[in-house]
$ cat model_22.txt   # compact mmCIF, C-alpha atoms
# COMPACT_ATOMS: atom_id res chain seq x y z
CA MET A 1 0.00 0.00 0.00
CA THR A 2 1.20 3.42 -0.75
CA ALA A 3 0.83 6.17 1.78
CA ASN A 4 -1.45 9.01 0.91
CA LEU A 5 0.90 11.95 0.44
CA PRO A 6 -0.43 15.45 0.80
CA PRO A 7 -0.63 17.33 -2.48
CA GLU A 8 2.30 19.55 -3.19
CA VAL A 9 1.59 23.21 -2.81
CA PRO A 10 3.16 25.20 -5.66
CA GLN A 11 5.54 27.81 -4.40
CA THR A 12 4.93 31.28 -5.70
CA PRO A 13 7.97 33.48 -6.16
CA ASP A 14 8.36 36.23 -3.61
CA PRO A 15 7.93 39.56 -5.41
CA ARG A 16 10.17 41.22 -2.84
CA SER A 17 13.14 39.06 -3.87
CA GLY A 18 12.69 40.14 -7.48
CA LEU A 19 12.57 43.77 -6.43
CA ARG A 20 15.72 43.31 -4.33
CA GLN A 21 17.57 41.74 -7.27
CA ALA A 22 16.45 44.52 -9.60
CA ALA A 23 17.50 47.17 -7.09
CA THR A 24 20.89 45.48 -6.61
CA GLY A 25 21.47 45.29 -10.36
CA ALA A 26 20.48 48.93 -10.85
CA TRP A 27 22.76 50.01 -7.99
CA ARG A 28 25.71 48.13 -9.45
CA LYS A 29 25.15 49.82 -12.80
CA THR A 30 24.78 53.32 -11.41
CA LEU A 31 27.46 53.15 -8.71
CA PRO A 32 30.44 53.74 -11.09
CA VAL A 33 28.67 56.73 -12.65
CA VAL A 34 27.84 58.20 -9.23
CA VAL A 35 31.37 57.69 -7.89
CA SER A 36 32.97 59.23 -10.98
CA ALA A 37 30.59 62.20 -10.83
CA VAL A 38 31.22 62.82 -7.11
CA LEU A 39 35.00 62.54 -7.42
CA LEU A 40 35.13 64.76 -10.51
CA ALA A 41 32.97 67.34 -8.73
CA TRP A 42 35.47 67.35 -5.87
CA VAL A 43 38.37 67.67 -8.33
CA PHE A 44 36.75 70.68 -9.97
CA THR A 45 36.38 72.35 -6.59
CA ARG A 46 40.17 72.10 -6.31
CA VAL A 47 40.81 73.15 -9.90
CA PRO A 48 38.54 75.86 -11.35
CA PRO A 49 37.54 75.34 -14.99
CA GLN A 50 39.46 78.45 -16.09
CA GLU A 51 42.74 77.13 -14.68
CA LEU A 52 42.12 73.69 -16.18
CA ALA A 53 41.38 75.26 -19.58
CA SER A 54 44.62 77.24 -19.49
CA ALA A 55 46.60 74.08 -18.61
CA LEU A 56 44.94 72.15 -21.44
CA HIS A 57 45.62 74.98 -23.89
CA ALA A 58 49.34 74.84 -23.08
CA VAL A 59 49.62 71.12 -23.89
CA PRO A 60 51.22 70.32 -27.29
CA GLY A 61 48.31 68.34 -28.66
CA PRO A 62 49.94 66.52 -31.62
CA TRP A 63 52.82 65.21 -29.52
CA LEU A 64 50.58 64.01 -26.71
CA LEU A 65 48.15 62.48 -29.20
CA ALA A 66 50.99 60.55 -30.82
CA CYS A 67 52.22 59.33 -27.41
CA THR A 68 48.72 58.23 -26.36
CA ALA A 69 48.06 56.44 -29.65
CA GLY A 70 51.38 54.63 -29.31
CA LEU A 71 50.49 53.71 -25.74
CA VAL A 72 47.12 52.23 -26.69
CA LEU A 73 48.52 50.17 -29.55
CA THR A 74 51.56 48.96 -27.60
CA LEU A 75 49.47 47.96 -24.57
CA TYR A 76 47.00 46.20 -26.85
CA PHE A 77 49.74 44.05 -28.37
CA TRP A 78 51.67 43.37 -25.16
CA ASP A 79 48.50 42.53 -23.24
CA ALA A 80 47.64 39.97 -25.92
CA VAL A 81 51.13 38.47 -25.58
CA CYS A 82 50.62 38.10 -21.82
CA LEU A 83 47.15 36.60 -22.27
CA ARG A 84 48.42 34.19 -24.90
CA TRP A 85 51.08 32.91 -22.52
CA LEU A 86 48.64 32.65 -19.61
CA PHE A 87 45.95 30.80 -21.55
CA SER A 88 48.50 28.54 -23.26
CA GLN A 89 49.41 27.04 -19.88
CA PRO A 90 50.03 24.29 -18.99
CA ASN A 91 50.49 22.49 -22.32
CA THR A 92 48.57 24.19 -25.16
CA LEU A 93 50.12 26.87 -27.39
CA LEU A 94 47.48 29.31 -28.61
CA PRO A 95 47.88 31.32 -31.81
CA LEU A 96 48.26 35.05 -31.26
CA ARG A 97 45.62 36.20 -33.76
CA PRO A 98 42.46 35.03 -31.89
CA VAL A 99 43.88 36.37 -28.62
CA LEU A 100 44.43 39.77 -30.25
CA PHE A 101 40.85 39.69 -31.53
CA ALA A 102 39.46 38.77 -28.10
CA ARG A 103 41.49 41.52 -26.42
CA GLY A 104 40.44 44.13 -28.96
CA LEU A 105 36.76 43.18 -28.84
CA SER A 106 36.73 43.32 -25.03
CA TYR A 107 38.06 46.89 -25.19
CA LEU A 108 34.66 48.00 -26.47
CA ALA A 109 33.04 47.15 -23.12
CA GLY A 110 36.16 47.65 -20.99
CA ALA A 111 36.45 51.27 -22.13
CA ILE A 112 33.36 51.96 -20.01
CA ASN A 113 33.36 49.24 -17.34
CA TYR A 114 36.40 47.16 -16.44
CA GLU A 115 34.44 44.19 -15.04
CA ILE A 116 32.25 43.81 -18.13
CA GLY A 117 35.32 44.01 -20.35
CA GLN A 118 37.12 41.29 -18.38
CA GLY A 119 34.01 39.10 -18.46
CA LEU A 120 33.78 39.46 -22.25
CA LEU A 121 37.50 38.71 -22.54
CA ALA A 122 37.16 35.55 -20.41
CA TRP A 123 34.19 34.37 -22.48
CA ARG A 124 36.01 34.86 -25.80
CA LEU A 125 39.21 33.20 -24.58
CA ALA A 126 37.23 30.31 -23.12
CA GLU A 127 35.92 29.67 -26.64
CA VAL A 128 39.42 29.91 -28.11
CA ARG A 129 40.94 27.63 -25.47
CA HIS A 130 37.90 25.25 -25.32
CA ILE A 131 37.67 25.49 -21.54
CA PRO A 132 34.76 26.43 -19.22
CA VAL A 133 34.10 30.12 -18.78
CA LEU A 134 34.63 29.68 -15.04
CA ALA A 135 38.17 28.42 -15.68
CA ALA A 136 38.84 31.43 -17.94
CA LEU A 137 37.54 33.77 -15.23
CA GLY A 138 39.90 32.08 -12.77
CA ARG A 139 42.84 32.85 -15.05
CA CYS A 140 41.74 36.48 -15.40
CA PHE A 141 41.50 36.70 -11.60
CA LEU A 142 45.00 35.25 -11.37
CA LEU A 143 46.20 37.87 -13.84
CA GLY A 144 44.68 40.63 -11.70
CA LEU A 145 46.49 39.38 -8.59
CA HIS A 146 49.83 39.40 -10.40
CA ASP A 147 49.08 42.88 -11.76
CA LEU A 148 48.54 44.10 -8.20
CA ALA A 149 51.80 42.50 -7.05
CA VAL A 150 53.77 44.09 -9.91
CA LEU A 151 52.29 47.54 -9.29
CA LEU A 152 53.02 47.35 -5.56
CA ALA A 153 56.60 46.23 -6.32
CA PHE A 154 57.10 49.20 -8.68
CA GLY A 155 55.62 51.55 -6.09
CA LEU A 156 57.85 50.14 -3.34
CA LEU A 157 60.96 50.44 -5.53
CA GLY A 158 60.16 54.05 -6.38
CA ALA A 159 59.33 54.96 -2.77
CA LEU A 160 62.55 53.43 -1.47
CA THR A 161 64.66 55.54 -3.84
CA SER A 162 62.57 58.73 -3.78
CA LYS A 163 62.66 61.59 -1.30
CA HIS A 164 59.37 63.36 -2.00
CA ALA A 165 56.89 64.18 0.77
CA GLN A 166 54.76 61.04 0.47
CA ALA A 167 57.64 58.57 0.03
CA GLY A 168 57.78 57.48 3.67
CA SER A 169 54.12 56.53 3.90
CA LEU A 170 54.18 54.94 0.45
CA ARG A 171 56.98 52.59 1.56
CA TRP A 172 54.84 51.25 4.37
CA VAL A 173 51.70 51.03 2.23
CA CYS A 174 53.35 49.29 -0.73
CA GLY A 175 55.62 47.08 1.37
CA GLY A 176 52.85 45.99 3.73
CA ALA A 177 50.34 45.31 0.96
CA LEU A 178 52.93 43.42 -1.07
CA GLY A 179 53.89 41.30 1.94
CA VAL A 180 50.25 40.43 2.64
CA LEU A 181 49.67 39.57 -1.02
CA ILE A 182 52.73 37.30 -1.19
CA GLY A 183 51.73 35.64 2.06
CA LEU A 184 48.23 34.95 0.78
CA GLY A 185 49.69 33.58 -2.44
CA LEU A 186 51.95 31.16 -0.57
CA LEU A 187 49.02 30.12 1.62
CA ALA A 188 46.86 29.53 -1.45
CA ARG A 189 49.63 27.41 -2.97
CA LEU A 190 49.36 25.08 0.04
CA ALA A 191 45.57 25.22 0.09
CA PRO A 192 44.87 22.05 -2.00
CA THR A 193 46.34 19.91 0.81
CA ALA A 194 44.52 21.87 3.50
CA TRP A 195 40.95 21.42 2.26
CA PRO A 196 38.79 19.31 4.61
CA GLN A 197 37.94 15.84 3.43
CA HIS A 198 34.22 16.57 3.22
CA ARG A 199 34.72 19.74 1.17
CA GLN A 200 36.04 20.35 -2.30
CA PRO A 201 37.92 23.46 -3.48
CA PRO A 202 36.01 25.90 -5.71
CA ARG A 203 35.74 24.87 -9.33
CA TRP A 204 37.73 27.84 -10.57
CA TRP A 205 40.50 26.96 -8.11
CA ALA A 206 40.55 23.32 -9.17
CA CYS A 207 41.13 24.48 -12.74
CA LEU A 208 44.40 26.11 -11.59
CA ASN A 209 45.91 23.25 -9.60
CA TRP A 210 48.81 23.10 -12.08
CA TRP A 211 49.95 26.66 -11.23
CA GLY A 212 53.27 27.10 -9.44
CA VAL A 213 55.81 29.66 -8.27
CA GLY A 214 57.85 29.46 -11.48
CA ARG A 215 54.84 30.39 -13.59
CA SER A 216 54.04 33.25 -11.21
CA LEU A 217 57.53 34.68 -11.65
CA ARG A 218 57.28 34.46 -15.45
CA LEU A 219 53.88 36.11 -15.45
CA CYS A 220 55.19 38.89 -13.18
CA LEU A 221 58.00 39.54 -15.66
CA LEU A 222 55.51 39.76 -18.53
CA ARG A 223 53.24 42.09 -16.62
CA GLY A 224 56.23 44.12 -15.48
CA GLY A 225 56.94 44.87 -19.14
CA TYR A 226 53.30 45.87 -19.61
CA TYR A 227 53.33 48.39 -16.76
CA LEU A 228 56.81 49.61 -17.64
CA ILE A 229 55.30 50.83 -20.93
CA ILE A 230 52.78 52.92 -18.95
CA LEU A 231 55.51 54.31 -16.71
CA LEU A 232 57.53 55.34 -19.76
CA TYR A 233 54.44 57.03 -21.17
CA ALA A 234 54.04 58.97 -17.90
CA LEU A 235 57.71 59.99 -17.98
CA VAL A 236 57.22 61.47 -21.46
CA SER A 237 53.69 62.87 -21.09
CA LEU A 238 53.99 64.57 -17.70
CA PRO A 239 56.60 67.12 -18.96
CA LEU A 240 54.42 67.72 -22.04
CA CYS A 241 51.66 68.77 -19.64
CA GLY A 242 54.01 71.02 -17.67
CA VAL A 243 54.54 68.60 -14.76
CA CYS A 244 58.26 68.18 -14.09
CA VAL A 245 58.93 65.51 -11.46
CA ASP A 246 61.78 63.08 -10.87
CA TYR A 247 61.53 59.64 -12.44
CA ARG A 248 61.62 58.06 -8.98
CA VAL A 249 58.51 60.02 -8.06
CA VAL A 250 56.81 58.68 -11.20
CA PHE A 251 57.77 55.11 -10.28
CA SER A 252 56.39 55.54 -6.75
CA VAL A 253 53.16 57.40 -7.59
CA ILE A 254 51.88 56.18 -10.97
CA PRO A 255 51.63 52.48 -9.90
CA LEU A 256 49.34 53.44 -7.02
CA VAL A 257 47.31 55.62 -9.36
CA MET A 258 46.85 52.56 -11.59
CA VAL A 259 45.78 50.49 -8.57
CA ALA A 260 43.09 53.10 -7.86
CA ASP A 261 42.26 53.16 -11.56
CA GLY A 262 41.65 49.39 -11.55
CA LEU A 263 39.07 49.52 -8.75
CA PRO A 264 35.62 48.71 -10.23
CA ILE A 265 33.98 51.76 -8.65
CA SER A 266 34.18 54.31 -11.45
CA VAL A 267 33.72 54.68 -15.19
CA SER A 268 37.05 53.65 -16.71
CA GLY A 269 38.96 55.26 -13.82
CA LEU A 270 37.47 58.74 -14.29
CA GLY A 271 37.66 60.56 -10.98
CA THR A 272 39.70 57.95 -9.13
CA ARG A 273 42.82 58.64 -11.20
CA GLU A 274 42.57 62.41 -10.76
CA THR A 275 41.87 62.14 -7.02
CA ALA A 276 44.81 59.79 -6.48
CA LEU A 277 47.19 62.11 -8.34
CA LEU A 278 46.08 65.16 -6.36
CA TRP A 279 46.51 63.28 -3.08
CA LEU A 280 49.89 61.74 -3.90
CA LEU A 281 51.42 64.87 -5.46
CA PRO A 282 50.18 67.80 -3.37
CA ASP A 283 53.17 70.00 -4.27
CA VAL A 284 52.59 69.87 -8.04
CA PRO A 285 50.28 72.45 -9.70
CA ALA A 286 46.83 70.89 -9.51
CA ASN A 287 45.58 72.20 -12.87
CA ARG A 288 48.46 70.58 -14.76
CA LEU A 289 48.03 67.28 -12.93
CA VAL A 290 44.31 67.18 -13.68
CA ALA A 291 44.95 68.13 -17.32
CA PHE A 292 47.41 65.25 -17.67
CA SER A 293 45.05 62.81 -15.95
CA LEU A 294 41.99 63.79 -17.98
CA LEU A 295 43.90 63.58 -21.26
CA TRP A 296 45.25 60.18 -20.19
CA SER A 297 41.77 58.93 -19.26
CA VAL A 298 40.02 60.25 -22.35
CA GLY A 299 42.83 59.05 -24.61
CA LEU A 300 42.63 55.50 -23.25
CA MET A 301 38.83 55.44 -23.44
CA VAL A 302 38.65 56.76 -27.00
CA GLY A 303 41.60 54.68 -28.22
CA ARG A 304 40.32 51.43 -26.74
CA ALA A 305 36.76 52.09 -27.86
CA THR A 306 38.07 52.70 -31.38
CA LEU A 307 40.01 49.43 -31.30
CA GLY A 308 36.88 47.65 -30.08
CA LEU A 309 34.78 49.11 -32.90
CA VAL A 310 37.41 48.11 -35.46
CA HIS A 311 37.40 44.53 -34.17
CA LEU A 312 33.59 44.48 -34.12
CA TRP A 313 33.57 45.63 -37.75
CA LEU A 314 36.21 43.05 -38.71
CA GLY A 315 34.19 40.33 -37.00
CA TYR A 316 31.09 41.42 -38.93
CA LEU A 317 33.02 41.28 -42.21
CA LEU A 318 34.43 37.85 -41.34
CA ARG A 319 30.99 36.46 -40.53
CA GLY A 320 29.62 37.88 -43.78
CA ARG A 321 32.45 36.30 -45.77
CA LEU A 322 31.96 32.93 -44.06
CA HIS A 323 28.21 33.12 -44.74
CA ALA A 324 28.86 33.89 -48.41
CA ASN A 325 31.32 31.00 -48.70
CA ASN A 326 28.82 28.63 -47.11
CA ARG A 327 26.11 29.72 -49.54
CA THR A 328 28.50 29.25 -52.46
CA SER A 329 29.53 25.77 -51.31
CA ASN A 330 25.90 24.78 -50.70
CA GLY A 331 24.96 25.99 -54.16
CA ARG A 332 27.76 23.97 -55.76
CA GLY A 333 26.72 20.89 -53.77
CA GLY A 334 23.11 21.27 -54.89
CA ALA A 335 24.15 21.62 -58.51
CA LYS A 336 26.39 18.57 -58.25
CA HIS A 337 23.65 16.34 -56.83
CA GLY A 338 20.89 17.81 -58.99
CA PRO A 339 19.08 15.99 -61.85
$ encode --input "model_22.txt" --output "structure tokens"
Amino acid sequence: MTANLPPEVPQTPDPRSGLRQAATGAWRKTLPVVVSAVLLAWVFTRVPPQELASALHAVPGPWLLACTAGLVLTLYFWDAVCLRWLFSQPNTLLPLRPVLFARGLSYLAGAINYEIGQGLLAWRLAEVRHIPVLAALGRCFLLGLHDLAVLLAFGLLGALTSKHAQAGSLRWVCGGALGVLIGLGLLARLAPTAWPQHRQPPRWWACLNWWGVGRSLRLCLLRGGYYLIILLYALVSLPLCGVCVDYRVVFSVIPLVMVADGLPISVSGLGTRETALLWLLPDVPANRLVAFSLLWSVGLMVGRATLGLVHLWLGYLLRGRLHANNRTSNGRGGAKHGP
């Protein structure tokens, strides 16, 4: 005999949970815009528009435009080289062309929001590498950790050799943060043997169980070259904007500006970059610093968005050509098997 089970009562979705999810999604979308607007408003209280306009007017536009265009193109290529090496590990060599295409296409979203751009990059590279998207996101997260370590190392090196007003505090900030990051990395390296028997490591972590210290050092060298390009750009562009500082100051300040720039709380670093520069270099004329920072921000946004549009157009042309070839081959096949 079977027991008489009570009929199942269908569960109706709670409308409040849907409202909470919608509110959370809307807040995440508007937060970067709000943060950028608030920080830029504070910057413009420090730098009146007339002073900023005079600083911008004094900048040699063609030279700075050439430097910024060279920066965008060089970073695009070198970033693809780093990503190709990272996604070729541990035993698969990827061609450079699809990695370049994935990097360029992700610039279209990354020019506005860093997180969306990295998500699009992980999705495209997961298709190229034939791995789960979660594993590709794990590699992008690993790349971000090594970027942070390289920037802190550059900042610590510059602070140790520099004598400007903020150098003493920057040594403690960069050295302490770098020590914590290295300690967490070493702890994570031992984590696979420390998981409890009844628990499994996260899926994205299990996809990286082949990673080791040697690969971390090689990736740090690759990313060091990437950020050295940005530091060289700052060394050339700051004097063009009328900001004359020692190279050791650049090496101690610009890495921390890029750390603030990478925080997902603003629109492509607008506001955070300017605020960080004003705080780290209080003795430099504020209007020239803000002019340099705004030109840097706008140049990166426009340059990367242009690269993204070019790759989107190339992808459209490639799909159209493949569609035309398929129609031609289908037409030949039909004619061959016809009456």
$ residues_around --input "model_22.txt" --residues "segment 246-263 of chain A" --least-positions-apart "3" --cutoff "8 Å" --atoms "all atoms listed in the file" --output "NGL selection string"
:A and (114 or 148 or 151-152 or 154-159 or 161-162 or 164 or 167 or 170 or 231 or 234-235 or 266 or 268-270 or 272-273 or 276-277 or 280-281)
$ closest_residue --input "model_22.txt" --among "A:Ala286, A:Leu108, A:Leu219, A:Leu295" --to "Trp313 of chain A" --atoms "only C-alpha atoms"
A:Leu108
$ closest_atom_pairs --input "model_22.txt" --of "segment 280-322 of chain A" --to "segment 65-75 of chain A" --cutoff "8 Å" --atoms "all atoms listed in the file" --output "JSON lines"
{"residue": "A:Trp296", "atom": "CA", "partner": "A:Thr68", "partner_atom": "CA", "distance": 7.3}
{"residue": "A:Gly299", "atom": "CA", "partner": "A:Thr68", "partner_atom": "CA", "distance": 6.2}
{"residue": "A:Leu300", "atom": "CA", "partner": "A:Val72", "partner_atom": "CA", "distance": 6.5}
{"residue": "A:Gly303", "atom": "CA", "partner": "A:Val72", "partner_atom": "CA", "distance": 6.2}
{"residue": "A:Arg304", "atom": "CA", "partner": "A:Val72", "partner_atom": "CA", "distance": 6.8}
$ residues_around --input "model_22.txt" --residues "His146 of chain A" --least-positions-apart "6" --cutoff "9 Å" --atoms "all atoms listed in the file" --output "ChimeraX atom specification"
/A:216,219-220,223
$ atom_distance --input "model_22.txt" --atom1 "atom CA of Tyr76 of chain A" --atom2 "atom CA of Ala55 of chain A"
29.1 Å
$ residues_around --input "model_22.txt" --residues "Gly185 of chain A" --least-positions-apart "2" --cutoff "12 Å" --atoms "only C-alpha atoms" --output "number ranges by chain"
A: 142, 145-146, 149, 178-183, 187-191, 211-213, 216
$ residues_around --input "model_22.txt" --residues "Gly119 of chain A" --least-positions-apart "6" --cutoff "10 Å" --atoms "all atoms listed in the file" --output "compact mmCIF listing (two decimals) with C-alpha atoms, in the coordinates of the input"
# COMPACT_ATOMS: atom_id res chain seq x y z
CA SER A 106 36.73 43.32 -25.03
CA ALA A 109 33.04 47.15 -23.12
CA GLY A 110 36.16 47.65 -20.99
CA LEU A 125 39.21 33.20 -24.58
CA VAL A 133 34.10 30.12 -18.78
CA ALA A 136 38.84 31.43 -17.94
CA LEU A 137 37.54 33.77 -15.23
CA CYS A 140 41.74 36.48 -15.40
$ atom_distance --input "model_22.txt" --atom1 "atom CA of Ala53 of chain A" --atom2 "atom CA of Ile265 of chain A"
27.0 Å
$ residues_around --input "model_22.txt" --residues "Ser54 of chain A" --least-positions-apart "6" --cutoff "12 Å" --atoms "all atoms listed in the file" --output "PyMOL selection string"
chain A and resi 47-48+241-242+287-288+290-291
$ atom_distance --input "model_22.txt" --atom1 "atom CA of Val99 of chain A" --atom2 "atom CA of Val81 of chain A"
8.1 Å
$ closest_residue --input "model_22.txt" --among "A:Val310, A:Leu83, A:Ala58, A:Leu289" --to "Tyr226 of chain A" --atoms "only C-alpha atoms"
A:Leu83
$ closest_residue --input "model_22.txt" --among "A:Ala165, A:Leu184, A:Val173, A:Leu312" --to "Pro282 of chain A" --atoms "only C-alpha atoms"
A:Ala165
$ closest_atom_pairs --input "model_22.txt" --of "segment 81-162 of chain A" --to "segment 305-308 of chain A" --cutoff "6 Å" --atoms "all atoms listed in the file" --output "tab-separated table"
residue	atom	partner	partner_atom	distance
A:Gly104	CA	A:Gly308	CA	5.1
A:Leu105	CA	A:Gly308	CA	4.6
A:Tyr107	CA	A:Gly308	CA	5.1
A:Leu108	CA	A:Gly308	CA	4.3
A:Ala111	CA	A:Ala305	CA	5.8
$ build_atoms --input "model_22.txt" --residues "segment 220-248 of chain A" --atoms "N, CA and C atoms" --output "CSV table (one decimal), keeping the file's coordinate frame"
chain,number,residue,atom,x,y,z
A,220,CYS,N,54.8,37.6,-13.7
A,220,CYS,CA,55.2,38.9,-13.2
A,220,CYS,C,56.2,39.6,-14.1
A,221,LEU,N,57.1,38.9,-14.7
A,221,LEU,CA,58.0,39.5,-15.7
A,221,LEU,C,57.3,40.1,-16.9
A,222,LEU,N,56.3,39.3,-17.4
A,222,LEU,CA,55.5,39.8,-18.5
A,222,LEU,C,54.7,41.0,-18.2
A,223,ARG,N,54.0,41.0,-17.0
A,223,ARG,CA,53.2,42.1,-16.6
A,223,ARG,C,54.1,43.3,-16.2
A,224,GLY,N,55.3,43.0,-15.7
A,224,GLY,CA,56.2,44.1,-15.5
A,224,GLY,C,56.6,44.9,-16.7
A,225,GLY,N,56.7,44.2,-17.9
A,225,GLY,CA,56.9,44.9,-19.1
A,225,GLY,C,55.7,45.7,-19.5
A,226,TYR,N,54.5,45.2,-19.3
A,226,TYR,CA,53.3,45.9,-19.6
A,226,TYR,C,53.2,47.2,-18.9
A,227,TYR,N,53.4,47.2,-17.6
A,227,TYR,CA,53.3,48.4,-16.8
A,227,TYR,C,54.5,49.3,-16.9
A,228,LEU,N,55.7,48.8,-17.3
A,228,LEU,CA,56.8,49.6,-17.6
A,228,LEU,C,56.5,50.5,-18.8
A,229,ILE,N,55.7,50.0,-19.8
A,229,ILE,CA,55.3,50.8,-20.9
A,229,ILE,C,54.5,52.0,-20.4
A,230,ILE,N,53.6,51.8,-19.5
A,230,ILE,CA,52.8,52.9,-19.0
A,230,ILE,C,53.6,53.9,-18.2
A,231,LEU,N,54.6,53.4,-17.4
A,231,LEU,CA,55.5,54.3,-16.7
A,231,LEU,C,56.3,55.2,-17.7
A,232,LEU,N,56.8,54.6,-18.8
A,232,LEU,CA,57.5,55.3,-19.8
A,232,LEU,C,56.6,56.4,-20.4
A,233,TYR,N,55.4,56.0,-20.6
A,233,TYR,CA,54.4,57.0,-21.2
A,233,TYR,C,54.3,58.2,-20.2
A,234,ALA,N,54.2,57.9,-18.9
A,234,ALA,CA,54.0,59.0,-17.9
A,234,ALA,C,55.3,59.8,-17.9
A,235,LEU,N,56.5,59.2,-18.0
A,235,LEU,CA,57.7,60.0,-18.0
A,235,LEU,C,57.8,61.0,-19.1
A,236,VAL,N,57.2,60.6,-20.3
A,236,VAL,CA,57.2,61.5,-21.5
A,236,VAL,C,56.1,62.5,-21.4
A,237,SER,N,54.9,62.0,-21.0
A,237,SER,CA,53.7,62.9,-21.1
A,237,SER,C,53.6,63.9,-20.0
A,238,LEU,N,54.1,63.6,-18.8
A,238,LEU,CA,54.0,64.6,-17.7
A,238,LEU,C,54.7,65.9,-18.1
A,239,PRO,N,56.0,65.8,-18.6
A,239,PRO,CA,56.6,67.1,-19.0
A,239,PRO,C,55.8,67.8,-20.1
A,240,LEU,N,55.2,67.1,-21.0
A,240,LEU,CA,54.4,67.7,-22.0
A,240,LEU,C,53.3,68.5,-21.5
A,241,CYS,N,52.8,68.1,-20.3
A,241,CYS,CA,51.7,68.8,-19.6
A,241,CYS,C,52.2,69.8,-18.6
A,242,GLY,N,53.5,70.0,-18.6
A,242,GLY,CA,54.0,71.0,-17.7
A,242,GLY,C,54.3,70.5,-16.3
A,243,VAL,N,54.3,69.2,-16.1
A,243,VAL,CA,54.5,68.6,-14.8
A,243,VAL,C,55.9,68.0,-14.8
A,244,CYS,N,56.9,68.6,-14.1
A,244,CYS,CA,58.3,68.2,-14.1
A,244,CYS,C,58.6,67.6,-12.7
A,245,VAL,N,58.6,66.2,-12.7
A,245,VAL,CA,58.9,65.5,-11.5
A,245,VAL,C,60.0,64.5,-11.8
A,246,ASP,N,60.7,64.1,-10.7
A,246,ASP,CA,61.8,63.1,-10.9
A,246,ASP,C,61.2,61.7,-11.3
A,247,TYR,N,62.0,60.9,-12.0
A,247,TYR,CA,61.5,59.6,-12.4
A,247,TYR,C,61.2,58.7,-11.3
A,248,ARG,N,61.9,58.9,-10.1
A,248,ARG,CA,61.6,58.1,-9.0
A,248,ARG,C,60.3,58.4,-8.4
